[in-house]
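**Student:** The structure follows.
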Amino acid sequence: MIYTSHIEISENAIQNNIKFIQNILGDETIFSSVVKGNAYGHGINIYCPLAYKYGVRNFSVADASEAYLVKKNLPYNDVNIMIMSMIDNDQLSWAIENDISFYVFEKNRLQEALKIANKIHKPARIHLEVETGMNRTGIAFKDLPEILKYIKANQKHLIVEGICSHLAGAESISNYKRITKQRKKFKTLKKKIKHSYAITPMYHLASSAATIRYPKTHLDLVRVGILQFGFFPTKEILVHYLTKKKTFENPLQRVISWKTKVMDVKTIKAGEFIGYGTSFFTNQETKIALIPVGYSSGYSRSLSNQGKVLIRGKRYDVIGTINMNMMAIDITHAETIEKNDEVVLIGKQGDSEITISSFNDAIQLINYELLTRLPENLPRIIIK
């Protein structure tokens, strides 16, 4: 089948980024690869086997469907999979049977897990998520003694594999006070559990941003997402890292490139509108290249008259309104551009590069959002 565009995944970049993360963490902290959102748009089926190849054995996902995909692509006994958010009660049996661990942040899930674990004679591996200030999911401190008492009474069927929380915005210094309060609260909780309860769980708190900015949050495990794909969570975290290391060199490499090709070239006379509506008017004779990518492919309509692409190593403007399956590129001043020429939407061509950040600057879209918008049906091709 011929696709209108494709995504390239760099194996060398993955190897580089995993090595960078593991060097920061050392041997005492487990690196849990967060692959929610279809591995941040990179493809669970493509990314996870490559991460495994370069030493990653622990993977975190958002829901049971993602856990299933990781399990399907990594059917090995040494792989640990953790569901951080959604799992229906009727999916708990599959998770427990397949040694998938999952967050517990409310009593009903705990009760259902116990019921199923007792029924299939296999313990549930749980991570208690506690509320430290994110004010999202999490067990309130006042409810934790009752939960732990319940677990102790049923410890044959409930294994507390981890105790965790989530930091509310470690990527921004504006959240420093809030993050500090969370860290102190979690530290107090850890001491209390150690002295009062007969369990020895892993403790985990850090995300990608906290891994860089707050090394004391590494604890037993960290949940790293965006870093492994070659992106610092924000420019602020990148500057923090470069300043601390006294370097100007970004240690990460971008894993993803997105490419298509020219499907037609034509000349439009002066005094005409291009595409739908009246968003682009030709003040002069204008030569355009049409490419078969639009908002159904994940290229935001908000980039109309703002986006950039690379063709033959040079940067050209997206003009007119981006429609569902097509957009126009202004190549008036190009020397020669022909049908089937490669077009880079994200990535490098020659000495030029279109970065994810360039999208952010144009339409105020964060890296995370743009990457996870890339359709799953776009083919992902592994390159070195």
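Each chain of the structure tokens is named A, B, ... in the order shown, its residues numbered from 1; ligands are numbered from 1 in display order.
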For the strand (DSSP E) assignment from backbone DSSP, which residues of range 134-267 of chain A qualify? Please present them as a list in words.
**Tutor:** Leu158, Ile159, Val160, Glu161, Gly162, Ile163, Cys164, Met202, Tyr203, His204, Leu221, Val222, Arg223, Val224, Ile256, Ser257, Trp258, Lys259, Thr260, Lys261, Asp264, Val265, Lys266 and Thr267 of chain A
**Student:** So which residues touch Glu97 in chain A within 8 Å, counting only C-alpha atoms, skipping near sequence neighbours fewer than 4 positions away, as a PyMOL selection string?
**Tutor:** chain A and resi 93+120+122
**Student:** Produce a file of the selected residues containing N, CA, C and O atoms, as a JSON list (two decimals), in the first residue's frame.
**Tutor:**
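After the write, selection-v3.json holds the following:
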```json
[["chain", "number", "residue", "atom", "x", "y", "z"],
["A", 93, "SER", "N", -8.87, -8.61, 35.50],
["A", 93, "SER", "CA", -8.55, -10.02, 35.44],
["A", 93, "SER", "C", -7.41, -10.28, 34.46],
["A", 93, "SER", "O", -6.47, -11.03, 34.76],
["A", 120, "ILE", "N", -8.78, -15.95, 40.92],
["A", 120, "ILE", "CA", -7.87, -16.63, 40.00],
["A", 120, "ILE", "C", -6.60, -17.13, 40.70],
["A", 120, "ILE", "O", -5.71, -17.68, 40.06],
["A", 122, "LYS", "N", -4.10, -15.55, 42.10],
["A", 122, "LYS", "CA", -2.86, -14.87, 41.71],
["A", 122, "LYS", "C", -2.91, -13.46, 42.26],
["A", 122, "LYS", "O", -3.91, -12.75, 42.09]]
```
**Student:** For Gly169 in chain A, list every protein, DNA or RNA residue within 9 Å, evaluated using only C-alpha atoms, and leave out those in the same chain fewer than 4 positions away; present the list as number ranges by chain.
**Tutor:** A: 134, 173-176, 178-179, 209-210
**Student:** Quick one, how far is CA of Phe59 in chain A from CA of Met82 in chain A?
**Tutor:**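 Those two atoms sit 6.3 Å apart.
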**Student:** Run DSSP on the backbone and grab whatever in range 211-259 of chain A lands in helix (DSSP H, G or I); send it over as a list in words.
**Tutor:**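 The residues of range 211-259 of chain A classed as helix (DSSP H, G or I) are Thr211, Ile212, Arg213, Pro215, Lys216, Thr217, Ile226, Leu227, Gln228, Phe229, Lys235, Glu236, Ile237, Leu238, Val239, His240, Tyr241, Leu242, Thr243, Lys244 and Lys245 of chain A.
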**Student:** CA of Ile366 in chain A and CA of Thr278 in chain A, how far apart in Å?
**Tutor:**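 Interatomic distance here is 28.5 Å.
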**Student:** Do you know which residues are at most 8 Å from Ile44 in chain A counting only C-alpha atoms, after dropping those on the same chain fewer than 6 positions away, and could you put them as JSON, numbers by chain?
**Tutor:** {"A": [35, 38, 69, 70]}
**Student:** Using only C-alpha atoms, which of A:Val239, A:Ile381, A:Ala62, A:Ile331 sits nearest Glu171 in chain A?
**Tutor:** A:Val239
**Student:** Could you give me, as a Markdown table, a per-residue list for range 223-279 of chain A showing, wherever an atom lies at most 12 Å from an atom of range 49-54 of chain A, the closest pair of atoms and their distance in Å to one decimal, using only C-alpha atoms and sorting by chain then residue number from low to high?
**Tutor:**
```
| residue | atom | partner | partner_atom | distance |
| --- | --- | --- | --- | --- |
| A:Gln228 | CA | A:Ala51 | CA | 9.1 |
| A:Phe229 | CA | A:Ala51 | CA | 10.6 |
| A:Val255 | CA | A:Leu50 | CA | 11.5 |
```
**Student:** Calculate how many Å separate CA of Glu369 in chain A from CA of Thr132 in chain A, rounding to one decimal.
**Tutor:** 25.6 Å
**Student:** Which residues come within 8 Å of Arg125 in chain A, counting only C-alpha atoms, excluding same-chain residues fewer than 6 positions away, as a ChimeraX atom specification?
**Tutor:** /A:96,99-102,158-161
**Student:** Could you write out that same residue set with N, CA, C and O atoms as a tab-separated table (two decimals), in the first residue's frame?
**Tutor:**
```
chain	number	residue	atom	x	y	z
A	96	ILE	N	-4.07	-8.82	36.00
A	96	ILE	CA	-3.53	-9.65	37.08
A	96	ILE	C	-2.97	-10.96	36.53
A	96	ILE	O	-1.88	-11.39	36.90
A	99	ASP	N	0.45	-10.38	34.92
A	99	ASP	CA	1.46	-9.70	35.74
A	99	ASP	C	1.64	-8.23	35.37
A	99	ASP	O	2.75	-7.69	35.45
A	100	ILE	N	0.55	-7.59	34.97
A	100	ILE	CA	0.57	-6.15	34.69
A	100	ILE	C	0.25	-5.42	35.99
A	100	ILE	O	-0.78	-5.68	36.62
A	101	SER	N	1.12	-4.53	36.41
A	101	SER	CA	0.83	-3.75	37.61
A	101	SER	C	-0.01	-2.53	37.24
A	101	SER	O	-0.03	-2.10	36.08
A	102	PHE	N	-0.70	-1.98	38.21
A	102	PHE	CA	-1.59	-0.85	37.93
A	102	PHE	C	-1.75	0.04	39.16
A	102	PHE	O	-1.59	-0.40	40.30
A	158	LEU	N	-2.82	-9.02	47.56
A	158	LEU	CA	-2.51	-7.65	47.14
A	158	LEU	C	-1.05	-7.33	47.44
A	158	LEU	O	-0.66	-7.24	48.62
A	159	ILE	N	-0.25	-7.19	46.42
A	159	ILE	CA	1.17	-6.85	46.59
A	159	ILE	C	1.36	-5.37	46.27
A	159	ILE	O	1.09	-4.93	45.15
A	160	VAL	N	1.80	-4.61	47.26
A	160	VAL	CA	2.08	-3.19	47.04
A	160	VAL	C	3.48	-3.09	46.42
A	160	VAL	O	4.49	-3.06	47.10
A	161	GLU	N	3.49	-3.03	45.11
A	161	GLU	CA	4.75	-2.98	44.38
A	161	GLU	C	5.38	-1.59	44.44
A	161	GLU	O	6.59	-1.44	44.41
```
**Student:** Any idea what's packed within 12 Å of Ile337 in chain A, counting only C-alpha atoms, ignoring anything in its chain fewer than 6 positions away? Could you give it as an MDAnalysis selection string?
**Tutor:** chainID A and resid 261:266 287:290 310:314 316 329:331 343
**Student:** Quick one: everything within 8 Å of Gly138 in chain A, counting only C-alpha atoms, minus sequence neighbours fewer than 2 positions away in the same chain. Send it as a short mmCIF file (atom, residue, chain, number, x, y, z; two decimals) with N, CA, C and O atoms, in the first residue's frame.
**Tutor:**
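Writing done, so here's part-v3.cif:
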```
data_model
loop_
_atom_site.label_atom_id
_atom_site.label_comp_id
_atom_site.auth_asym_id
_atom_site.auth_seq_id
_atom_site.Cartn_x
_atom_site.Cartn_y
_atom_site.Cartn_z
N VAL A 104 -3.57 2.20 41.94
CA VAL A 104 -4.80 2.21 42.73
C VAL A 104 -4.89 3.57 43.40
O VAL A 104 -3.99 3.96 44.15
N PHE A 105 -5.96 4.31 43.08
CA PHE A 105 -6.14 5.63 43.67
C PHE A 105 -7.53 5.82 44.26
O PHE A 105 -7.89 6.90 44.68
N GLU A 106 -8.30 4.72 44.30
CA GLU A 106 -9.60 4.76 44.97
C GLU A 106 -9.96 3.34 45.41
O GLU A 106 -9.45 2.35 44.88
N LEU A 128 0.16 2.22 44.80
CA LEU A 128 -0.74 3.17 45.46
C LEU A 128 -0.34 4.58 45.06
O LEU A 128 0.76 5.03 45.35
N GLU A 129 -1.25 5.27 44.39
CA GLU A 129 -0.99 6.67 44.05
C GLU A 129 -1.60 7.55 45.13
O GLU A 129 -2.79 7.46 45.43
N VAL A 130 -0.76 8.39 45.70
CA VAL A 130 -1.22 9.26 46.80
C VAL A 130 -1.30 10.70 46.32
O VAL A 130 -0.55 11.13 45.44
N GLU A 131 -2.19 11.44 46.91
CA GLU A 131 -2.39 12.85 46.56
C GLU A 131 -1.45 13.72 47.38
O GLU A 131 -1.55 13.77 48.61
N THR A 132 -0.54 14.41 46.68
CA THR A 132 0.40 15.28 47.39
C THR A 132 0.24 16.75 47.00
O THR A 132 0.95 17.60 47.53
N ASN A 135 -3.80 17.33 42.89
CA ASN A 135 -5.26 17.46 42.93
C ASN A 135 -5.91 16.91 41.66
O ASN A 135 -6.73 17.54 41.01
N ARG A 136 -5.47 15.69 41.38
CA ARG A 136 -6.03 14.94 40.26
C ARG A 136 -6.40 13.58 40.86
O ARG A 136 -7.15 13.53 41.82
N ALA A 140 -6.14 10.35 49.31
CA ALA A 140 -5.89 11.40 50.30
C ALA A 140 -5.13 10.82 51.49
O ALA A 140 -5.33 9.65 51.86
N SER A 165 3.41 9.34 43.46
CA SER A 165 2.61 10.54 43.29
C SER A 165 3.11 11.23 42.03
O SER A 165 4.06 10.76 41.39
#
```
**Student:** Out of A:Thr247, A:Asn45, A:Gln284, A:Asn89, which residue has the shortest atom-to-atom distance to Lys71 in chain A when counting only C-alpha atoms?
**Tutor:**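 Looking only at the distances to Lys71 in chain A, the closest residue turns out to be A:Asn45.
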